[in-house]
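Have a look at the structure below, then the notes.
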Amino acid sequence: MSKILDVKDLHVSFDTYAGEVKAVRGVSFYLEQGEVLAIVGESGCGKSVTAQTLMRLNPEPPARIPYGEINLCGHDIIAATEKEMQAIRGKDAAMIFQDPMTCLNPTMPVGKQLAEAIRRHQNVSSKETAKKVVELLELVKIPNPGQRARQYPHEYSGGMRQRAMIAMAVICNPKLLIADEPTTALDVTIQAQIMDLLADVKEKTGTAIILITHDLGVVAGLANRVAVMYGGRIVETADVDDIFYRSAHPYTTALLNSLPNPETDRKPKAGRDPEIDRDTESGQDSEIDRDTGTDRGIERLVSIPGSPPDLLAPPVGCPFASRCNKTMQICREKMPPYFTVGAGHQSACWLLHSDCPKTDSVN
Amino acid sequence: MVKYIVKRMIFALLTISALVLITFLMMQALPGDPFIGDKAINPVTLEALYAKYGLDRPFWEQFYQYFTNIFKGDLGISIKYNRPVTSIIAESFPASAELGLRSLVLAVILGIGLGVLAAVKRNTRWDTSAMLIAVFGVSVPSFIVGAMLQYLLAIKLRDWFGSTPFPVMGWKTEAAKFMPALALSLSSLATVARLMRTSMLDVLGQDYIKTAKAKGLSPAGIIRRHAIRNAILPVITVLGPITATVLTGTFVVENIFNIPGMGKFFVRAIKENDYTLIAGITIFYGAFLIAAVFIVDILYGVIDPRIKLSESKE
Amino acid sequence: MGKISTSKKRRHPFVPEAMTAPDAVLSASDFIWVGPDAEKQDLIARPSIGYWQDAIRRLRQNKAAMVSIGVLLFIMAMAIIVPLVSPYTISEQHLTHMNQGFFSVCEGNDGTEHLHIFGTDTLGRDLFVRTFHGARTSLVIAYSAVFINLVIGVFYGCICGYIGGTTDLVGMRLVEILNGIPYLIIVILMMMVLPQGIWTMVIAYGIIGWIGMARMTRGQILALKQNEFVIAARALGASSRRIIVQHLIPNTLSVVIVNITLSIPGAIFTEAFLSYIGMGVPIPEASWGTLAQEGVNYLQTYPEQLFIPAFFISITMLAFNILGDGLRDAFDPRLRR
């Protein structure tokens, strides 16, 4: 398999009145054909900025790419002119956004909006275009597509609009589909349908997908690999199973602990350090609570105290240091490098350093 | 849709009725008497005159008479000109309407263009100059602009070059019609431009613009196909008030440029205490505006597919 | 969407930080546990500034608005001072010095010299004192009219918005009907019924101009009423009067201030308009509108007689508009940084 996307040491900054906001600070990842990569992180961690930079959708200025490399299907995205980007957008890479309610033009029929992409990138007759539109609406399981194509977005439900967005994105058979929080704005019942649809579309069109989400829960079913972002950096990247069962970074672990666990009686996994669970819970009786809770089959969700770092003045050390309960002196002083934990599993945490004392002996 | 239109229509009729009532009350409350003026009139003649114009009957009867007459299209007889008010309006309205229409078209087209330019080239010199024009437009009254244009285009150009296509006054040539239309349109043009800029900036920040960009459309294509149409909608809502501003402005502009329109008659009627003419023009003018706003309301519903006209907006 | 500048020199050679990790320099002390940084955790990055402070600070940064304030203060000061100290009255005629230009010095019959800064009009009256007396008239009319609008409009809007229900429905329908009638028509009708004069103009404008203010206040109150702090106040047993005075009005204030500033030019315009069509203050009183109306007759021969009042009308309206825009931006919470 060949890499269709290769991102190396990407930096993105926004020049604001308050100063330079370093939204993305050295992010590297790659994507192979037909692969699904999930980028996970809380709001403001830089995941959406990263995604939009792949298509150069951030308005420049204020956005700026101080350095980095992006190679998308052989195109040098950083060096591309706006004209060249227009030819790439929608054809090689397409994107769907968070809120389907606002992402469709309210005064244009849905079918016409779908057709725009074809008209822009392919030289086909209007008859064929119309046929293709109906075909795609059918692919995303919109009932009665011929009639629906003539309707306006406000006549669609939220889930249907997101389906239409997906159809619009894949209409020119892009090699890469970027889904930026595709289910966040939707009802929980619809979320699963959209994820199934994405899997289905991937199956049928063979497109690779970058799935941006803050919800680790939606990742499990679809993603092959996961990159966890925090404070403008990727802190851990691994295969989806490794992330869930062998996470090596305290932030990933904390994220996992904030998820409801359907297998309530399962033992804490290797990566899930009991230390964290205990310390992040408040009050001295938390330990007992936790233990008895688990015994009774009730699991407590654990939140991460504090808020993400201010990217106007990002910390010199590990971005998570101020919230991590395992912070060491070095964490505040030096940015941790990536340590290889397993095959394709890298984590940026000083705990993994060979000089670091065993986790248990800390504190 | 039908329900909405009917509702709007009832409102328009109520407003017109209120206007008629107010006008009537004002006329009743007017100090002085149209017939007691310069020369003494003997009581018998006065009574005959009262009877002729129905001024001797009780208040409500007069109002009822007045009201029904208006809906029959009878606005009474001008006291000074001694001819039906409707015929004066019929004679003078075309010039006013033409002037109004010319400035309205100028205001909307130039205003939208200026607003789009300012929004697309936001925070550049284009934006600054467009908004400078706009703030001047709302700040300088039309009669001043009119006088300035007269001075510059008609008087000064002639002084400098010996001749000018712009006459100081008149309503004959295209050049003569251009000056009052421009003077009249400037404030509305400014309103449209400012609104269009705000609206355009709002639309350009919308997610569907990002969607269009992600599709690979060019900036020009995005603006043409997606932004302008959506940004224009709020502008349509001010078309009603703008029509009002423009038509009101005709009152003074017609006097400056000596245009034989309704405004000229109106101002003359004020000076001559010709009450029936004032009342007639007021009512006609008010009704015309109310009808214009009504049409704009309906138009808005037709253009914006989101507005289900079955539900009232407010 | 601007031109994207791309240059290869901006890119630095790709060296992943993982490869540069210097194992050697680390010592055991680096790995001493220090725990999360409680101070930093909830630190809000930017210092919080009060709403009004912030608004004033941002208004100060707006150069155009500050210049406008300066211009307005200057005109107001001149309007107060000039008629007080001027050697001429507004109706005093110098029949030998008619239609003089700027800074004309004329010798009077008694041998003293007269300086007419703005020259004289066609009746030989000093235009400098007339212009600033006109400023008095126009500004008094504008301020009073807007004040009436403010009182009626805010009161009406508060009542409709706060009580809601049938009161609101009836109140707003009435406003809608009145709003359908072009206000200048009503003002003209009022002017015809009442005797000519300053206060007639104020009443005529005030009687119809409050509608916009009422609608806006009502909208604000309706939106605010849904806010938690109002519900909380009610739950704590605060009276309606207290809620309106203590909670609703202060929160409407910024919008009201902007609205007032932007409606003053409208009032100035109305005065000028009415004077212009011959319904202004009676002679020999001067207002900017009447001065402009008198001046327009001599446009071909003495254009400055129109241009002086026209300049002051325009510059005042312009200053109020710019100031209003500046205030709106300053109060806009979306523009807070």
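By convention here, the chains of the structure tokens are called A, B, ... in the order presented, each chain's residues are numbered starting at 1, and ligands are numbered starting at 1 in the order presented.
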Once you count only C-alpha atoms, which residues of chain C turn out to be within 8 Å of chain B? Could you give them as a short mmCIF file (atom, residue, chain, number, x, y, z; two decimals) with N, CA and C atoms, in the first residue's frame?
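Generated output (out.cif):
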```cif
data_model
loop_
_atom_site.label_atom_id
_atom_site.label_comp_id
_atom_site.auth_asym_id
_atom_site.auth_seq_id
_atom_site.Cartn_x
_atom_site.Cartn_y
_atom_site.Cartn_z
N MET C 1 -9.05 34.23 1.83
CA MET C 1 -9.07 33.91 0.41
C MET C 1 -8.02 34.71 -0.36
N ILE C 177 -48.77 49.31 13.21
CA ILE C 177 -49.63 50.14 12.37
C ILE C 177 -49.05 51.54 12.23
N LEU C 178 -48.64 52.11 13.39
CA LEU C 178 -48.06 53.45 13.35
C LEU C 178 -46.78 53.46 12.50
N GLY C 180 -46.18 51.73 10.02
CA GLY C 180 -46.48 51.63 8.59
C GLY C 180 -46.67 52.99 7.95
N ILE C 181 -47.01 53.98 8.76
CA ILE C 181 -47.23 55.33 8.22
C ILE C 181 -45.90 56.06 8.20
N PRO C 182 -45.52 56.61 7.06
CA PRO C 182 -44.24 57.33 7.00
C PRO C 182 -44.22 58.46 8.02
N LEU C 184 -42.56 61.16 8.40
CA LEU C 184 -42.51 62.57 7.98
C LEU C 184 -43.90 63.11 7.70
N ILE C 185 -44.78 62.23 7.21
CA ILE C 185 -46.15 62.66 6.93
C ILE C 185 -46.83 63.09 8.22
N LEU C 189 -48.11 66.79 9.23
CA LEU C 189 -49.48 67.05 9.66
C LEU C 189 -49.50 67.74 11.02
N MET C 190 -48.66 67.24 11.94
CA MET C 190 -48.58 67.84 13.27
C MET C 190 -48.14 69.30 13.17
N MET C 192 -48.60 71.31 10.89
CA MET C 192 -49.62 72.19 10.35
C MET C 192 -50.62 72.58 11.42
N VAL C 193 -50.90 71.64 12.33
CA VAL C 193 -51.91 71.89 13.35
C VAL C 193 -51.37 72.81 14.44
N LEU C 194 -50.13 72.55 14.85
CA LEU C 194 -49.56 73.32 15.96
C LEU C 194 -48.93 74.61 15.44
N PRO C 265 -28.81 62.17 14.48
CA PRO C 265 -28.74 62.68 13.10
C PRO C 265 -30.10 62.68 12.42
N PHE C 269 -31.77 65.87 10.79
CA PHE C 269 -32.23 65.83 9.41
C PHE C 269 -33.68 66.29 9.32
N PHE C 273 -35.04 69.25 7.15
CA PHE C 273 -36.01 68.93 6.10
C PHE C 273 -37.25 69.81 6.22
N TYR C 276 -36.65 73.28 5.48
CA TYR C 276 -36.39 73.42 4.06
C TYR C 276 -37.67 73.52 3.25
N ILE C 277 -38.70 72.76 3.67
CA ILE C 277 -39.96 72.87 2.92
C ILE C 277 -40.86 73.95 3.52
N GLY C 278 -40.28 74.79 4.35
CA GLY C 278 -41.02 75.95 4.81
C GLY C 278 -41.86 75.73 6.05
N VAL C 296 -30.13 78.55 -0.24
CA VAL C 296 -30.23 77.85 -1.52
C VAL C 296 -30.71 78.80 -2.63
N LEU C 299 -27.69 80.26 -4.45
CA LEU C 299 -26.67 79.27 -4.77
C LEU C 299 -25.78 79.73 -5.93
N GLN C 300 -26.41 80.35 -6.92
CA GLN C 300 -25.63 80.72 -8.10
C GLN C 300 -24.69 81.87 -7.83
N PRO C 303 -22.73 81.01 -3.13
CA PRO C 303 -22.91 79.62 -2.69
C PRO C 303 -22.56 79.40 -1.23
N ALA C 310 -24.91 73.95 5.39
CA ALA C 310 -24.85 72.58 4.87
C ALA C 310 -23.67 71.85 5.48
N ILE C 313 -24.51 71.02 9.17
CA ILE C 313 -25.49 69.92 9.25
C ILE C 313 -24.79 68.60 8.97
N SER C 314 -24.03 68.58 7.88
CA SER C 314 -23.40 67.33 7.46
C SER C 314 -22.37 66.86 8.47
N ILE C 315 -21.53 67.79 8.93
CA ILE C 315 -20.43 67.37 9.81
C ILE C 315 -20.99 66.87 11.14
N MET C 317 -24.05 65.50 11.63
CA MET C 317 -24.66 64.19 11.40
C MET C 317 -23.58 63.13 11.23
N LEU C 318 -22.55 63.50 10.51
CA LEU C 318 -21.45 62.56 10.27
C LEU C 318 -20.80 62.16 11.59
N ASN C 321 -23.02 59.87 13.52
CA ASN C 321 -23.05 58.53 12.91
C ASN C 321 -21.78 57.75 13.20
N ILE C 322 -20.64 58.42 13.06
CA ILE C 322 -19.37 57.72 13.32
C ILE C 322 -19.27 57.33 14.79
#
```
Inset, instruction - May I have all residues of range 53-278 of chain A that DSSP, computed from the backbone, assigns to strand (DSSP E), given as a PyMOL selection string? - result: chain A and resi 63-64+69-72+75-76+93-96+176-180+208-213+225-230+233-239
With N, CA and C atoms retained, could you export that selection as an mmCIF file, in the first residue's frame?
```cif
data_model
loop_
_atom_site.group_PDB
_atom_site.id
_atom_site.type_symbol
_atom_site.label_atom_id
_atom_site.label_comp_id
_atom_site.auth_asym_id
_atom_site.auth_seq_id
_atom_site.Cartn_x
_atom_site.Cartn_y
_atom_site.Cartn_z
ATOM 1 N N ALA A 63 -4.280 32.696 9.313
ATOM 2 C CA ALA A 63 -3.533 31.448 9.482
ATOM 3 C C ALA A 63 -2.209 31.539 8.734
ATOM 4 N N ARG A 64 -1.228 30.802 9.217
ATOM 5 C CA ARG A 64 0.097 30.832 8.639
ATOM 6 C C ARG A 64 0.708 29.455 8.864
ATOM 7 N N GLU A 69 5.575 19.954 6.151
ATOM 8 C CA GLU A 69 5.398 19.430 4.802
ATOM 9 C C GLU A 69 4.084 18.685 4.752
ATOM 10 N N ILE A 70 3.350 18.878 3.684
ATOM 11 C CA ILE A 70 2.162 18.057 3.464
ATOM 12 C C ILE A 70 2.235 17.550 2.032
ATOM 13 N N ASN A 71 2.206 16.229 1.907
ATOM 14 C CA ASN A 71 2.169 15.639 0.584
ATOM 15 C C ASN A 71 0.864 14.866 0.451
ATOM 16 N N LEU A 72 0.004 15.383 -0.425
ATOM 17 C CA LEU A 72 -1.307 14.742 -0.601
ATOM 18 C C LEU A 72 -1.393 14.252 -2.030
ATOM 19 N N HIS A 75 0.790 15.885 -4.404
ATOM 20 C CA HIS A 75 0.806 17.347 -4.464
ATOM 21 C C HIS A 75 1.497 17.902 -3.225
ATOM 22 N N ASP A 76 2.330 18.902 -3.445
ATOM 23 C CA ASP A 76 2.917 19.607 -2.313
ATOM 24 C C ASP A 76 1.931 20.688 -1.873
ATOM 25 N N ALA A 93 -9.115 15.431 -2.343
ATOM 26 C CA ALA A 93 -9.516 15.361 -0.944
ATOM 27 C C ALA A 93 -10.811 16.125 -0.762
ATOM 28 N N ALA A 94 -11.691 15.576 0.042
ATOM 29 C CA ALA A 94 -12.962 16.250 0.297
ATOM 30 C C ALA A 94 -13.181 16.279 1.794
ATOM 31 N N MET A 95 -14.090 17.116 2.209
ATOM 32 C CA MET A 95 -14.244 17.302 3.653
ATOM 33 C C MET A 95 -15.710 17.422 4.024
ATOM 34 N N ILE A 96 -16.063 16.822 5.147
ATOM 35 C CA ILE A 96 -17.390 17.094 5.698
ATOM 36 C C ILE A 96 -17.213 17.688 7.086
ATOM 37 N N LEU A 176 -9.081 10.905 -0.453
ATOM 38 C CA LEU A 176 -9.079 11.164 0.988
ATOM 39 C C LEU A 176 -10.351 11.906 1.369
ATOM 40 N N LEU A 177 -10.997 11.406 2.402
ATOM 41 C CA LEU A 177 -12.183 12.084 2.933
ATOM 42 C C LEU A 177 -11.873 12.501 4.359
ATOM 43 N N ILE A 178 -11.975 13.797 4.618
ATOM 44 C CA ILE A 178 -11.733 14.283 5.972
ATOM 45 C C ILE A 178 -13.081 14.555 6.612
ATOM 46 N N ALA A 179 -13.363 13.851 7.697
ATOM 47 C CA ALA A 179 -14.630 14.043 8.396
ATOM 48 C C ALA A 179 -14.345 14.741 9.710
ATOM 49 N N ASP A 180 -14.709 16.012 9.780
ATOM 50 C CA ASP A 180 -14.417 16.816 10.968
ATOM 51 C C ASP A 180 -15.609 16.778 11.908
ATOM 52 N N ALA A 208 -9.751 6.785 1.588
ATOM 53 C CA ALA A 208 -9.177 6.820 2.929
ATOM 54 C C ALA A 208 -9.909 7.888 3.719
ATOM 55 N N ILE A 209 -9.964 7.722 5.034
ATOM 56 C CA ILE A 209 -10.723 8.674 5.843
ATOM 57 C C ILE A 209 -9.868 9.171 7.004
ATOM 58 N N ILE A 210 -9.910 10.473 7.210
ATOM 59 C CA ILE A 210 -9.394 11.017 8.462
ATOM 60 C C ILE A 210 -10.597 11.428 9.272
ATOM 61 N N LEU A 211 -10.739 10.829 10.435
ATOM 62 C CA LEU A 211 -11.897 11.078 11.267
ATOM 63 C C LEU A 211 -11.460 11.924 12.450
ATOM 64 N N ILE A 212 -11.971 13.152 12.474
ATOM 65 C CA ILE A 212 -11.618 14.042 13.573
ATOM 66 C C ILE A 212 -12.730 13.960 14.609
ATOM 67 N N THR A 213 -12.386 13.729 15.845
ATOM 68 C CA THR A 213 -13.442 13.652 16.837
ATOM 69 C C THR A 213 -12.884 13.932 18.226
ATOM 70 N N ARG A 225 -6.172 3.335 12.802
ATOM 71 C CA ARG A 225 -5.167 3.919 13.677
ATOM 72 C C ARG A 225 -5.734 5.156 14.338
ATOM 73 N N VAL A 226 -5.144 5.519 15.485
ATOM 74 C CA VAL A 226 -5.609 6.678 16.225
ATOM 75 C C VAL A 226 -4.423 7.575 16.549
ATOM 76 N N ALA A 227 -4.601 8.872 16.371
ATOM 77 C CA ALA A 227 -3.612 9.830 16.842
ATOM 78 C C ALA A 227 -4.294 10.701 17.877
ATOM 79 N N VAL A 228 -3.712 10.779 19.068
ATOM 80 C CA VAL A 228 -4.306 11.589 20.125
ATOM 81 C C VAL A 228 -3.579 12.921 20.162
ATOM 82 N N MET A 229 -4.338 14.005 20.053
ATOM 83 C CA MET A 229 -3.711 15.332 20.049
ATOM 84 C C MET A 229 -3.984 16.056 21.346
ATOM 85 N N TYR A 230 -2.994 16.832 21.771
ATOM 86 C CA TYR A 230 -3.180 17.677 22.942
ATOM 87 C C TYR A 230 -2.284 18.895 22.819
ATOM 88 N N ARG A 233 -0.136 19.267 19.697
ATOM 89 C CA ARG A 233 0.809 18.204 19.350
ATOM 90 C C ARG A 233 0.120 16.851 19.400
ATOM 91 N N ILE A 234 0.662 15.918 18.613
ATOM 92 C CA ILE A 234 0.192 14.541 18.745
ATOM 93 C C ILE A 234 0.949 13.939 19.921
ATOM 94 N N VAL A 235 0.217 13.493 20.942
ATOM 95 C CA VAL A 235 0.909 12.956 22.113
ATOM 96 C C VAL A 235 1.077 11.444 22.025
ATOM 97 N N GLU A 236 0.173 10.814 21.281
ATOM 98 C CA GLU A 236 0.303 9.360 21.163
ATOM 99 C C GLU A 236 -0.343 8.917 19.857
ATOM 100 N N THR A 237 0.319 7.999 19.187
ATOM 101 C CA THR A 237 -0.294 7.441 17.995
ATOM 102 C C THR A 237 -0.080 5.943 17.968
ATOM 103 N N ALA A 238 -1.128 5.210 17.630
ATOM 104 C CA ALA A 238 -1.046 3.748 17.678
ATOM 105 C C ALA A 238 -2.216 3.150 16.913
ATOM 106 N N ASP A 239 -2.157 1.824 16.713
ATOM 107 C CA ASP A 239 -3.314 1.133 16.172
ATOM 108 C C ASP A 239 -4.460 1.258 17.160
#
```
Inset, instruction - For chain B, report every residue with an atom at most 6 Å from chain A (counting only C-alpha atoms), formatted as an MDAnalysis selection string. - result: chainID B and resid 207:208 214:216
Inset, instruction - Just list the residues in range 315-358 of chain A DSSP gives helix (DSSP H, G or I) on the backbone, as a list in words. - result: Gln329, Ile330, Cys331, Arg332, Glu333, Trp350, Leu351 and Leu352 of chain A
Can you write just those residues out, C-alpha atoms, as a tab-separated table (two decimals), in the first residue's frame?
```
chain	number	residue	atom	x	y	z
A	329	GLN	CA	10.39	18.07	36.94
A	330	ILE	CA	11.46	17.39	33.39
A	331	CYS	CA	7.91	17.44	32.07
A	332	ARG	CA	7.72	21.17	32.77
A	333	GLU	CA	11.09	21.90	31.28
A	350	TRP	CA	8.85	11.24	29.80
A	351	LEU	CA	7.58	8.27	31.81
A	352	LEU	CA	8.69	6.08	28.95
```
Inset, instruction - Pick out the residues sitting within 12 Å of Asn82 in chain B, and hand them over as a list in words; count only C-alpha atoms, and ignore anything fewer than 5 positions along from it in its own chain. - result: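 These residues fall inside the cut-off: Tyr53, Gly76, Ile77, Ser87, Ile88, Asp274, Thr276 and Leu277 of chain B.
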Inset, instruction - Figure out the distance between CA of Val133 in chain A and CA of Val201 in chain A, please, to one decimal in Å. - result: 15.0 Å
Inset, instruction - Using only C-alpha atoms, find the one residue out of C:Ile283, C:Ala235, C:Leu174, C:Ile257 that sits nearest to Gly197 in chain C. - result: C:Ile283
Legend entry - Interatomic distance, CA of Pro180 in chain B to CA of Tyr205 in chain C (Å, one decimal):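 The value is 26.3 Å.
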Restrict the distance test to only C-alpha atoms, flag each residue of chain A within 7 Å of chain C, and return the flagged residues as a PDB file with C-alpha atoms, in the first residue's frame.
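Dumped to selection_34.pdb:
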```pdb
ATOM      1  CA  ASP A   9       6.352  18.456  11.355  1.00  0.00           C
ATOM      2  CA  PRO A  59      -8.175  31.716   5.804  1.00  0.00           C
ATOM      3  CA  GLU A  60      -4.624  32.945   5.309  1.00  0.00           C
ATOM      4  CA  PRO A  66       5.607  28.602   9.496  1.00  0.00           C
ATOM      5  CA  TYR A  67       6.958  25.194   8.520  1.00  0.00           C
ATOM      6  CA  GLY A  68       6.039  21.667   7.760  1.00  0.00           C
ATOM      7  CA  ILE A  78       2.224  23.871   1.362  1.00  0.00           C
ATOM      8  CA  ALA A  79       3.697  25.157  -1.875  1.00  0.00           C
ATOM      9  CA  THR A  81      -1.075  28.139  -5.144  1.00  0.00           C
ATOM     10  CA  GLU A  82      -4.704  28.954  -4.450  1.00  0.00           C
ATOM     11  CA  GLY A 306      -8.143  21.928  34.607  1.00  0.00           C
ATOM     12  CA  SER A 307      -8.232  23.263  31.086  1.00  0.00           C
ATOM     13  CA  ASP A 310      -3.227  28.619  26.258  1.00  0.00           C
ATOM     14  CA  ALA A 321       2.191  18.737  32.467  1.00  0.00           C
ATOM     15  CA  SER A 322      -0.021  21.177  34.329  1.00  0.00           C
ATOM     16  CA  ARG A 323      -2.904  18.709  34.457  1.00  0.00           C
ATOM     17  CA  CYS A 324      -1.104  15.397  34.642  1.00  0.00           C
ATOM     18  CA  ASN A 325      -0.889  13.736  38.019  1.00  0.00           C
ATOM     19  CA  LYS A 326       2.401  12.118  37.168  1.00  0.00           C
ATOM     20  CA  THR A 327       4.199  15.311  36.289  1.00  0.00           C
ATOM     21  CA  MET A 328       7.911  15.245  36.938  1.00  0.00           C
ATOM     22  CA  GLN A 329      10.390  18.073  36.942  1.00  0.00           C
ATOM     23  CA  ILE A 330      11.464  17.391  33.385  1.00  0.00           C
ATOM     24  CA  PRO A 337      10.247  13.169  22.401  1.00  0.00           C
ATOM     25  CA  TYR A 338       8.371  10.274  20.839  1.00  0.00           C
ATOM     26  CA  CYS A 356      12.622   7.145  34.470  1.00  0.00           C
ATOM     27  CA  VAL A 362       6.686   7.456  41.679  1.00  0.00           C
ATOM     28  CA  ASN A 363       5.267   9.345  44.592  1.00  0.00           C
TER      29      ASN A 363
END
```
Inset, instruction - Quick one: pull the distance between CA of Ala80 in chain A and CA of Thr16 in chain A, Å, one decimal. - result: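 If I compute the distance from CA of Ala80 in chain A to CA of Thr16 in chain A, I get 24.2 Å.
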